[in-house]
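**Q** Mind looking over this structure? Questions follow.
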Amino acid sequence: MMVKLTRIYTRGGDKGETSLGRGERVAKHDLRVEAYGTTDEANAVIGLARAAVDRSVKNDALRRHVDAMLMRIQNDLFDLGADLCVPETAKRAEGRLRIAEAQVERLEREIDAMNAELAPLTSFVLPGGSPAAAHLHLARAIARRAERLMVELAAAEPLNEAALRYMNRLSDHLFVASRFVNNKGAKDVLWVPGGNR
């Protein structure tokens, strides 16, 4: 399913509305639009993280491995946007692109594999350590916001449960990946409770 874009602007949104995947017009501040827009925001920050990984991870095999994981996630997030932009209750919604359980399971396998190489945490981790880790933490925080919006949307109307699980696992994946690119946790900056009193 390839998309062909020949014209970038349409003027269709000039009055504060946009079209969902089946053509329904909604306000640009509609909760569904907020959810897939925030997913897109997370995707953009993952792009920054990939660029930072490319610059800062010296081990070629590790850099390629992390970049491949992040590239798959970016593609998944476009799948998720396609999923979210067509309501489950829309006419002809059947057969539309939806996040699949296999995508959630892949994230879980990757989390487990990365986590097996990390020392257990003794405190919460502060975002930072390396530019790549900092970008992954930012992507994690945005993914959590997207998840909150999706949960709110699911309270109002049917939503693909695999999509909700995907976003929940994604923030975990990005957290573990941030530690992984921080020299497998050696560069983690740990929270010191009350350390500045």
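Convention: chains lettered A, B, ... in structure tokens order; per-chain residue numbering from 1; ligands numbered from 1 as shown.
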Using DSSP on the backbone, list every residue of range 41-196 of chain A that comes out as alpha helix (DSSP H), and give them as a PyMOL selection string.
**A** chain A and resi 41-56+60-84+101-115+131-156+161-181
**Q** Taking only residues of range 160-182 of chain A that have an atom at most 10 Å from an atom of range 33-46 of chain A, what is each one's shortest atom pair and its distance in Å to one decimal, using only C-alpha atoms, in chain and number order, as CSV?
**A**
```
residue,atom,partner,partner_atom,distance
A:Met167,CA,A:Thr39,CA,8.9
A:Ser171,CA,A:Ala42,CA,10.0
A:Leu174,CA,A:Ile46,CA,9.0
```
**Q** Those residues with N, CA, C and O atoms, as a PDB file, in the first residue's frame please?
**A**
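Final output, saved to result-v8.pdb:
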```
ATOM      1  N   MET A 167       1.819   1.110  22.181  1.00  0.00           N
ATOM      2  CA  MET A 167       2.311   2.370  22.748  1.00  0.00           C
ATOM      3  C   MET A 167       2.826   2.184  24.165  1.00  0.00           C
ATOM      4  O   MET A 167       3.801   2.832  24.566  1.00  0.00           O
ATOM      5  N   SER A 171       7.154   2.939  25.031  1.00  0.00           N
ATOM      6  CA  SER A 171       7.848   3.792  26.006  1.00  0.00           C
ATOM      7  C   SER A 171       8.838   2.970  26.821  1.00  0.00           C
ATOM      8  O   SER A 171       9.935   3.443  27.136  1.00  0.00           O
ATOM      9  N   LEU A 174      11.879   2.424  24.524  1.00  0.00           N
ATOM     10  CA  LEU A 174      12.718   3.616  24.398  1.00  0.00           C
ATOM     11  C   LEU A 174      13.518   3.866  25.669  1.00  0.00           C
ATOM     12  O   LEU A 174      14.671   4.318  25.609  1.00  0.00           O
TER      13      LEU A 174
END
```
**Q** Restricting the calculation to only C-alpha atoms: of A:Ala113, A:Arg106, A:Asn196, A:Leu190, which residue gets closest to Arg169 in chain A?
**A**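 Checking each of A:Ala113, A:Arg106, A:Asn196, A:Leu190 against Arg169 in chain A, counting only C-alpha atoms, the winner is A:Arg106.
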**Q** State, in Å with one decimal place, the distance from CA of Gly185 in chain A to CA of Leu118 in chain A.
**A**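 About the pair CA of Gly185 in chain A and CA of Leu118 in chain A: they are 6.2 Å apart.
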**Q** Just the residues within 9 Å of Val104 in chain A, please, counting only C-alpha atoms, with nothing from its chain fewer than 5 positions along; format it as a ChimeraX atom specification.
**A** /A:99,109,162-163,165-167,169-170
**Q** Rank nothing, just name the residue among A:Arg140, A:Arg32, A:Cys85, A:Ala177 nearest to Glu117 in chain A, using only C-alpha atoms.
**A**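 For Glu117 in chain A, the nearest of the candidates is A:Ala177.
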**Q** What's around Met114 in chain A at 9 Å? Count only C-alpha atoms, leave out sequence neighbours fewer than 5 positions away in its own chain, and write the answer as a PDB file with N, CA, C and O atoms, in the first residue's frame.
**A**
```
ATOM      1  N   ARG A 109      10.429  -8.673  22.653  1.00  0.00           N
ATOM      2  CA  ARG A 109      11.671  -9.440  22.450  1.00  0.00           C
ATOM      3  C   ARG A 109      12.885  -8.521  22.461  1.00  0.00           C
ATOM      4  O   ARG A 109      13.927  -8.846  23.058  1.00  0.00           O
ATOM      5  N   HIS A 173      10.402   0.312  25.682  1.00  0.00           N
ATOM      6  CA  HIS A 173      11.491   0.037  24.734  1.00  0.00           C
ATOM      7  C   HIS A 173      12.441   1.225  24.649  1.00  0.00           C
ATOM      8  O   HIS A 173      13.665   1.067  24.696  1.00  0.00           O
ATOM      9  N   VAL A 176      14.613   1.466  27.797  1.00  0.00           N
ATOM     10  CA  VAL A 176      15.693   0.473  27.825  1.00  0.00           C
ATOM     11  C   VAL A 176      16.736   0.818  26.757  1.00  0.00           C
ATOM     12  O   VAL A 176      17.943   0.721  27.002  1.00  0.00           O
ATOM     13  N   ALA A 177      16.286   1.261  25.584  1.00  0.00           N
ATOM     14  CA  ALA A 177      17.225   1.649  24.524  1.00  0.00           C
ATOM     15  C   ALA A 177      18.084   2.832  24.963  1.00  0.00           C
ATOM     16  O   ALA A 177      19.267   2.900  24.621  1.00  0.00           O
ATOM     17  N   ARG A 179      19.176   3.441  27.929  1.00  0.00           N
ATOM     18  CA  ARG A 179      20.235   2.876  28.774  1.00  0.00           C
ATOM     19  C   ARG A 179      21.235   2.096  27.914  1.00  0.00           C
ATOM     20  O   ARG A 179      22.445   2.142  28.146  1.00  0.00           O
ATOM     21  N   PHE A 180      20.738   1.392  26.930  1.00  0.00           N
ATOM     22  CA  PHE A 180      21.571   0.569  26.055  1.00  0.00           C
ATOM     23  C   PHE A 180      22.600   1.433  25.321  1.00  0.00           C
ATOM     24  O   PHE A 180      23.773   1.076  25.235  1.00  0.00           O
ATOM     25  N   LYS A 184      25.566   0.847  27.697  1.00  0.00           N
ATOM     26  CA  LYS A 184      24.878  -0.222  28.419  1.00  0.00           C
ATOM     27  C   LYS A 184      24.669   0.115  29.895  1.00  0.00           C
ATOM     28  O   LYS A 184      24.824  -0.711  30.773  1.00  0.00           O
TER      29      LYS A 184
END
```
**Q** Give the answer as one residue: which of A:Arg63, A:Arg197, A:Lys187, A:Arg55 has the shortest atom-to-atom distance to Pro127 in chain A, using only C-alpha atoms?
**A** A:Lys187
**Q** As a list in words, please: every residue in chain A that a backbone DSSP assignment puts in strand (DSSP E).
**A**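 DSSP-assigned strand (DSSP E) residues in chain A: Glu17, Thr18, Ser19, Arg25, Val26, Ala27, Val125, Leu126, Val189 and Leu190 of chain A.
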